[in-house]
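Trainee: Can you keep this structure in mind? I'll have questions shortly.
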Amino acid sequence: MNHVFQKIDNSLSVALKGFMNVSEIEWGIERQDFINACTVNKDLYEDMYVYEFTDAHHFNEFTRLLSHVSDEVAKEYAAKHGKILSREVSKKFELMLMLSAIGNLEYSQMVADEVYTCIMKHDLSEFIDGFAKKVYLREKAKEIARKPRNKYHEQAIKIAKATWQAFPGASMGKLCEKLRNHFNGGVSLDTLERWIKAAKIRPPKPEKYTSFSLMIPPSA
């Protein structure tokens, strides 16, 4: 089912690209101060954590507290009314801001796209899991429906493969005839030929066709 999740990841990445625009970041401090806080003065500060607010009211109130009251009060408000994101997302967010602070907007935007995709994947995780499961089951059902349902299919392919391994000069037509006789007419020549072509087990055309006998492996 991993390929289903990969398709969803790719679709989200494309759909959310540029949704968080780093060129619109409003810096409340000097950029160099931020760079110093993340590098040479890192030991003087707590680790950065990112909070997500699900509505504009709480976000606006958090912004007001941060600007007009204090960092501590704003942090307490965020912890109560927001949702703290994972450490991994917080580190990527910090990297995004660092790249933006030094003027590398191209790479900053790339990280921003990844961060926002991570956030949305987390928020939509239950929906994605359910959707992926439905897609996977639907694909499996289609795969099963495409498979030949004749009870002789698997045996015919095994016998044909074993026979060609022993007699690479056996012709397709004669092989199908012997298989039909082996199954007492239970499978038509056209069906046998179609199965063998679909299985792609036919060896290269020989310089000369030779006589042969069917090779019946134990598993057949």
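In the structure tokens, chains take the letters A, B, ... in the order shown, each chain's residues start at 1, and ligands count up from 1 in the order shown.
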Residues within 9 Å of range 24-34 of chain A, please, as a list of chain:residue names. Count only C-alpha atoms; anything in the same chain fewer than 6 positions from it doesn't count.
Mentor: A:Ser67, A:Leu97, A:Met98, A:Ser100, A:Ala101, A:Ile102
Trainee: When you count only C-alpha atoms, which of these residues is closest to Cys176 in chain A: A:Val111, A:Thr163, A:Ile216, A:Leu192?
Mentor: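 Among the listed residues, the smallest separation from Cys176 in chain A belongs to A:Leu192.
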Trainee: Skipping near chain neighbours, those fewer than 4 positions away, what residues fall within 12 Å of Glu61 in chain A using only C-alpha atoms, listed as a count of residues only?
Mentor: 17
Trainee: I'd like to know which residues of range 12-141 of chain A are helix (DSSP H, G or I) (by DSSP, run on the backbone); could you write them as an NGL selection string?
Mentor: :A and (12-15 or 22-24 or 31-38 or 42-44 or 56-68 or 71-81 or 87-101 or 105-123 or 125-141)
Trainee: Identify, on the basis of only C-alpha atoms, every residue whose closest approach to range 187-191 of chain A does not exceed 10 Å; exclude the query and any residue fewer than 4 positions from it along the same chain; express the result as a short mmCIF file (atom, residue, chain, number, x, y, z; two decimals) with C-alpha atoms, in the first residue's frame.
Mentor:
data_model
loop_
_atom_site.label_atom_id
_atom_site.label_comp_id
_atom_site.auth_asym_id
_atom_site.auth_seq_id
_atom_site.Cartn_x
_atom_site.Cartn_y
_atom_site.Cartn_z
CA PRO A 148 -7.53 -15.47 -15.35
CA ASN A 150 -9.68 -20.78 -15.14
CA LYS A 151 -8.48 -23.44 -12.73
CA TYR A 152 -5.87 -24.62 -15.23
CA HIS A 153 -4.15 -21.26 -15.71
CA ALA A 156 -0.50 -24.35 -17.75
CA GLY A 173 1.43 -24.07 -31.47
CA LYS A 174 2.52 -27.61 -30.62
CA LEU A 175 2.96 -26.69 -26.97
CA CYS A 176 -0.58 -25.34 -26.78
CA GLU A 177 -1.92 -28.47 -28.46
CA LYS A 178 -0.19 -30.73 -25.96
CA LEU A 179 -1.39 -28.59 -23.08
CA ARG A 180 -4.96 -28.78 -24.34
CA ASN A 181 -4.69 -32.56 -24.54
CA HIS A 182 -3.10 -32.64 -21.09
CA PHE A 183 -6.15 -30.84 -19.70
CA TRP A 195 -2.14 -16.95 -21.22
CA ILE A 196 1.36 -17.79 -22.39
CA LYS A 197 1.79 -14.48 -24.23
#
Trainee: Nearest residue to Gln155 in chain A out of A:Lys91, A:Leu214, A:Met120, A:Asn60, using only C-alpha atoms?
Mentor: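 Nearest candidate to Gln155 in chain A out of A:Lys91, A:Leu214, A:Met120, A:Asn60: A:Leu214.
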Trainee: Any idea what the distance is between CA of Pro218 in chain A and CA of Gln165 in chain A?
Mentor: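 Distance reported for this atom pair: 15.0 Å.
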Trainee: Name the residues of range 35-202 of chain A that fall into strand (DSSP E) according to DSSP on the backbone, using the chain letters and numbers of this document, as a list in words.
Mentor: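 DSSP-assigned strand (DSSP E) residues in range 35-202 of chain A: Tyr51, Glu52, Lys83 and Ile84 of chain A.
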Trainee: Could you tell me which of A:Ser213, A:Asn36, A:Gln109, A:Ser90 comes closest to Ala160 in chain A if we count only C-alpha atoms?
Mentor: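 For Ala160 in chain A, the nearest of the candidates is A:Ser213.
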Trainee: What is the CA of Glu207 in chain A to CA of Ile159 in chain A distance in Å?
Mentor: 22.6 Å
Trainee: Kindly indicate which residue among A:Lys80, A:Phe59, A:Arg64, A:Ala37 lies nearest to Glu94 in chain A, using only C-alpha atoms for the distances.
Mentor: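 Closest to Glu94 in chain A, using only C-alpha atoms: A:Ala37.
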